[in-house]
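K.L.:
Following this message is one structure expressed as structure tokens.
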Amino acid sequence: MSKDTEIDMEEVKLNEVDLEKQPMTGDGPAPAGEKNGSVKLKVPDDDVTFTGLSKEELMKVAGTPGWVRTRWMLLVLFWLGWVGMLAGAIVIIVQAPRCKPVPEMNWWNNGPLYQVSDLDAFCGGMEGLEAKLEQLAQIKVKGLVLGPFHQVQKDNPSTLDFKKTDPTYVTDDILEAVLKKADKKDISVVLDLTPNYKGSSPWFSRDDEVIKNEVMEKLKVAAEYWMGRGVHGIKVPDMDLASGFSGWSSLSAAIHSNATADDKKKMALMGVVDGLSAVQVSNLVNTTDVDLVLPDLLSTKRDGVERIKAVDALSSQQRSVGWGLGASKLEPLSKVATSPDLRRLYQLLLFTLPGTPVFTYGDEIGLLPTNGTKSPKMIWDTEESTADEAADANRTERIDLRSWFKSLSDLRGKERSLLYGDYYPLESSASSLAFLRVWDQSERYITAVNWGKEPSKLKLTLPPTASTEGVVLPKMAKVKLSTDANMTAESSVSLESISLGPEKAVLLQFPLVV
């Protein structure tokens with residue numbers, strides 16, 4: 001084969017390969033200069049730029065009758081819409097119900113007061129108290145009432161020195177540390193300054209004017225001294241007697257003028273009274289400048305009708321009244337509440353009454369009283385079980401009761417109706433009572449308790465009086481907390497009639513009824 005023939009054959013092969021690489025467009029082979037599979041776009045040599053209308057053109061169009069009418073219509077619609085929204089907002093504001101102003105609250109109104117009269121029985125002495133403050137903060141204690149532990153000899157007024165602590169109970173350095181840590185935990189400390197706490201008569205003598213005046217003068221000086229060291233109040237016994245002493249007004253003035261610019265907390269003058277009627281207690285609140293009175297009304301009155309009447313008489317002064325069961329005598333709640341159900345019942349009652357709940361140490365776990373005069377020793381449980389089933393059962397009950405106490409304390413602290421709401425009695429009998437707590441548009445609460453040995457039926461209706469005008473009860477309410485197995489939490493019950501088992505309590509909740 002000649003050389004020319006070989007060259008022609010190579011060209012034929014190359015042409016066949018080029019045809020295989022051409023795109024399958026049906027239009028034949030790609031033009032020269034283009035790669036197989038590529039798309040060629042033709043781009044204009046000069047970019048087209050949108051310039052819009054000129055000023056003269058815009059002005060010419062804007063002046064036409066159609067555009068003028070359109071602009072006026074849009075302007076009118078805008079202002080009509082704006083005026084309509086303004087009018088609607090004004091109507092909503094005018095027709096909306098007014099919020100009631102929050103009453104003036106002091107620290108002793110914000111949570112329970114916790115009394116510790118025997119530091120050794122409570123925590124092994126003042127040294128152990130600092131470590132226990134965290135546990136008190138967990139159950140939302142707002143006031144810690146300590147003492148008495150000042151220096152005095154039994155029935156000897158000449159030895160009385162309120163400013164010095166008995167080293168048997170506490171030293172100044174340890175007390176200083178406790179005051180600082182309590183303040184960090186938002187717990188205010190009140191000192192019990194019962195003058196003759198080791199003797200038979202708290203004020204040494206009811207008849208000797210010289211002794212009474214001397215004691216009151218020492219008490220005033222001591223109050224100024226202790227509040228200068230970080231104490232936020234003092235507690236005195238037999239306030240109905242003490243308020244008649246000539247130095248009472250000076251003591252009150254000294255306490256109420258002791259708040260400094262750095263400490264916004266008001267100083268509290270707390271007084272204990274025993275054996276007085278609700279009307280007499282109310283009169284003391286009105287005439288003595290006392291900040292908080294702790295009566296024994298719930299302990300001396302066991303009938304539900306009498307108890308509800310006492311609460312009625314003092315409900316309007318709730319920010320100056322403390323409620324306790326045995327607290328006025330520093331006795332444990334379990335002395336009256338002899339069963340676990342009763343302890344839960346009275347805790348619920350104290351936390352929902354209109355006033356400040358006051359407890360003695362150990363009430364949160366149902367600490368039992370001792371047979372003699374010695375203070376019961378506080379029990380600090382752990383989560384560890386033991387081999388003793390009876391001991392474990394008692395420990396579990398204490399833990400459960402403390403949890404119940406904490407849930408009540410938490411609820412009272414955040415619900416306005418329970419914290420400072422208005423009070424309305426509903427129904428009462430010899431062994432039961434019920435009442436309503438209401439504040440403005442907040443959630444409403446009904447407390448119903450039956451401390452009797454038999455079931456009790458309660459019809460939860462408001463009495464037809466002028467004071468209940470505007471307050472409406474619904475047909476149904478939700479169970480918030482309950483010790484009755486027939487009324488579980490979050491279930492609904494009819495307010496027409498509820499049945500409470502023996503020694504049972506329930507807290508019902510419902511929203512504002514419009």
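Residue numbering restarts at 1 in every chain; chains get A, B, ... in the order shown in the structure tokens, and ligands count up from 1 in that same order.
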Based on the backbone DSSP call, show me all residues of region 45-188 of chain A assigned strand (DSSP E or B), as a ChimeraX atom specification.
P.N.:
/A:113-116,143-146,150-153,156-165,188
K.L.:
So which residues touch region 195-207 of chain A within 10 Å, counting only C-alpha atoms, skipping near sequence neighbours fewer than 6 positions away, as a list in words?
P.N.:
Gly147, Pro148, Phe149, His150, Gln151, Val152, Gln153, Lys154, Asp155, Asn156, Pro157, Leu160, Asp161, Phe162, Val215, Met216, Lys218, Leu219, Val236, Pro237, Asp238, Leu241, Ala242 and Phe245 of chain A
K.L.:
How about saving the chosen residues, N, CA and C atoms kept, as a PDB file, in the first residue's frame?
P.N.:
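Output saved as again-v5.pdb:
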ATOM      1  N   GLY A 147     -33.887  32.493 120.636  1.00  0.00           N
ATOM      2  CA  GLY A 147     -33.770  32.833 122.048  1.00  0.00           C
ATOM      3  C   GLY A 147     -35.023  32.547 122.839  1.00  0.00           C
ATOM      4  N   PRO A 148     -35.032  33.068 124.063  1.00  0.00           N
ATOM      5  CA  PRO A 148     -34.095  34.039 124.647  1.00  0.00           C
ATOM      6  C   PRO A 148     -32.797  33.391 125.130  1.00  0.00           C
ATOM      7  N   PHE A 149     -31.705  34.157 125.061  1.00  0.00           N
ATOM      8  CA  PHE A 149     -30.423  33.672 125.588  1.00  0.00           C
ATOM      9  C   PHE A 149     -29.572  34.827 126.144  1.00  0.00           C
ATOM     10  N   HIS A 150     -30.217  35.913 126.592  1.00  0.00           N
ATOM     11  CA  HIS A 150     -29.479  37.005 127.216  1.00  0.00           C
ATOM     12  C   HIS A 150     -29.172  36.643 128.684  1.00  0.00           C
ATOM     13  N   GLN A 151     -28.334  37.443 129.296  1.00  0.00           N
ATOM     14  CA  GLN A 151     -27.905  37.162 130.673  1.00  0.00           C
ATOM     15  C   GLN A 151     -28.909  37.689 131.691  1.00  0.00           C
ATOM     16  N   VAL A 152     -29.341  36.819 132.594  1.00  0.00           N
ATOM     17  CA  VAL A 152     -30.219  37.188 133.697  1.00  0.00           C
ATOM     18  C   VAL A 152     -30.281  36.021 134.675  1.00  0.00           C
ATOM     19  N   GLN A 153     -30.398  36.339 135.928  1.00  0.00           N
ATOM     20  CA  GLN A 153     -30.621  35.310 136.940  1.00  0.00           C
ATOM     21  C   GLN A 153     -32.108  35.214 137.237  1.00  0.00           C
ATOM     22  N   LYS A 154     -32.539  34.026 137.566  1.00  0.00           N
ATOM     23  CA  LYS A 154     -33.954  33.772 137.803  1.00  0.00           C
ATOM     24  C   LYS A 154     -34.547  34.745 138.815  1.00  0.00           C
ATOM     25  N   ASP A 155     -35.618  35.453 138.395  1.00  0.00           N
ATOM     26  CA  ASP A 155     -36.398  36.354 139.243  1.00  0.00           C
ATOM     27  C   ASP A 155     -35.555  37.463 139.878  1.00  0.00           C
ATOM     28  N   ASN A 156     -34.453  37.837 139.226  1.00  0.00           N
ATOM     29  CA  ASN A 156     -33.580  38.878 139.783  1.00  0.00           C
ATOM     30  C   ASN A 156     -33.386  39.970 138.731  1.00  0.00           C
ATOM     31  N   PRO A 157     -34.210  41.011 138.757  1.00  0.00           N
ATOM     32  CA  PRO A 157     -34.134  42.048 137.718  1.00  0.00           C
ATOM     33  C   PRO A 157     -32.819  42.822 137.707  1.00  0.00           C
ATOM     34  N   LEU A 160     -30.307  41.611 135.045  1.00  0.00           N
ATOM     35  CA  LEU A 160     -30.757  41.594 133.655  1.00  0.00           C
ATOM     36  C   LEU A 160     -29.842  42.427 132.757  1.00  0.00           C
ATOM     37  N   ASP A 161     -29.318  41.798 131.704  1.00  0.00           N
ATOM     38  CA  ASP A 161     -28.509  42.499 130.716  1.00  0.00           C
ATOM     39  C   ASP A 161     -28.861  41.941 129.339  1.00  0.00           C
ATOM     40  N   PHE A 162     -29.718  42.668 128.619  1.00  0.00           N
ATOM     41  CA  PHE A 162     -30.179  42.220 127.306  1.00  0.00           C
ATOM     42  C   PHE A 162     -29.068  42.207 126.259  1.00  0.00           C
ATOM     43  N   VAL A 215     -36.964  47.861 133.466  1.00  0.00           N
ATOM     44  CA  VAL A 215     -36.870  46.799 132.456  1.00  0.00           C
ATOM     45  C   VAL A 215     -37.161  47.358 131.065  1.00  0.00           C
ATOM     46  N   MET A 216     -38.167  48.196 130.944  1.00  0.00           N
ATOM     47  CA  MET A 216     -38.506  48.772 129.646  1.00  0.00           C
ATOM     48  C   MET A 216     -37.393  49.657 129.113  1.00  0.00           C
ATOM     49  N   LYS A 218     -34.169  49.292 129.763  1.00  0.00           N
ATOM     50  CA  LYS A 218     -33.115  48.379 129.312  1.00  0.00           C
ATOM     51  C   LYS A 218     -33.491  47.724 127.986  1.00  0.00           C
ATOM     52  N   LEU A 219     -34.758  47.422 127.838  1.00  0.00           N
ATOM     53  CA  LEU A 219     -35.231  46.778 126.615  1.00  0.00           C
ATOM     54  C   LEU A 219     -35.094  47.720 125.421  1.00  0.00           C
ATOM     55  N   VAL A 236     -41.525  40.196 122.334  1.00  0.00           N
ATOM     56  CA  VAL A 236     -41.756  40.378 123.764  1.00  0.00           C
ATOM     57  C   VAL A 236     -42.989  39.580 124.193  1.00  0.00           C
ATOM     58  N   PRO A 237     -43.015  39.119 125.448  1.00  0.00           N
ATOM     59  CA  PRO A 237     -44.150  38.338 125.933  1.00  0.00           C
ATOM     60  C   PRO A 237     -45.232  39.237 126.522  1.00  0.00           C
ATOM     61  N   ASP A 238     -46.406  38.671 126.751  1.00  0.00           N
ATOM     62  CA  ASP A 238     -47.507  39.383 127.434  1.00  0.00           C
ATOM     63  C   ASP A 238     -47.638  40.818 126.932  1.00  0.00           C
ATOM     64  N   LEU A 241     -49.973  43.277 128.510  1.00  0.00           N
ATOM     65  CA  LEU A 241     -49.490  43.884 129.748  1.00  0.00           C
ATOM     66  C   LEU A 241     -48.402  44.923 129.454  1.00  0.00           C
ATOM     67  N   ALA A 242     -47.425  44.538 128.624  1.00  0.00           N
ATOM     68  CA  ALA A 242     -46.284  45.412 128.360  1.00  0.00           C
ATOM     69  C   ALA A 242     -46.687  46.706 127.679  1.00  0.00           C
ATOM     70  N   PHE A 245     -47.184  49.660 129.920  1.00  0.00           N
ATOM     71  CA  PHE A 245     -46.069  50.254 130.662  1.00  0.00           C
ATOM     72  C   PHE A 245     -45.758  51.643 130.103  1.00  0.00           C
TER      73      PHE A 245
END
K.L.:
What's around Thr465 (chain A) at 12 Å? Count only C-alpha atoms, leave out sequence neighbours fewer than 3 positions away in its own chain, and write the answer as a list in words.
P.N.:
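Using only C-alpha atoms, the neighbours found are Tyr424, Pro425, Leu426, Thr461, Leu462, Thr468, Glu469, Gly470 and Val471 of chain A.
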K.L.:
May I have the residues within 9 Å of Ile308 (chain A) as a list in words, using only C-alpha atoms and disregarding those fewer than 3 positions away in the same chain?
P.N.:
Asp303, Gly304, Val305, Val311, Asp312, Ala313, Pro425, Glu427, Ser428, Leu433, Ala434 and Phe435 of chain A
K.L.:
Name the residues in contact with Gly143 (chain A) at a cut-off of 10 Å, using only C-alpha atoms, excluding same-chain residues fewer than 3 positions from it; report them as a count of residues only.
P.N.:
22
K.L.:
Using only C-alpha atoms, determine which residues lie at most 8 Å from region 395-404 of chain A, disregarding the query and same-chain residues fewer than 3 positions distant; provide the list as JSON, numbers by chain.
P.N.:
{"A": [340, 344, 364, 365, 366, 381, 391, 392, 407, 408]}
K.L.:
What's around Arg412 (chain A) at 8 Å? Count only C-alpha atoms, leave out sequence neighbours fewer than 5 positions away in its own chain, and write the answer as number ranges by chain.
P.N.:
A: 111, 351-352, 418-419
K.L.:
What is the CA of Ser158 (chain A)-CA of Thr194 (chain A) distance in Å, reported with one decimal?
P.N.:
14.9 Å
K.L.:
So how far away is CA of Thr165 (chain A) from CA of Leu368 (chain A), in Å?
P.N.:
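Distance reported for this atom pair: 28.8 Å.
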K.L.:
Quick one: DSSP alpha helix (DSSP H) residues in region 52-256 of chain A, as a ChimeraX atom specification?
P.N.:
/A:55-62,65-95,119-123,126-138,172-184,209-228,239-242,248-256
K.L.:
Determine the nearest neighbour of Lys266 (chain A) from the options A:Ala477, A:Val94, A:Met105, A:Val178, counting only C-alpha atoms.
P.N.:
A:Met105
K.L.:
Give me, please, the distance in Å between CA of Leu179 (chain A) and CA of Leu350 (chain A), quoted to one decimal.
P.N.:
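Interatomic distance, CA of Leu179 (chain A) to CA of Leu350 (chain A): 26.9 Å.
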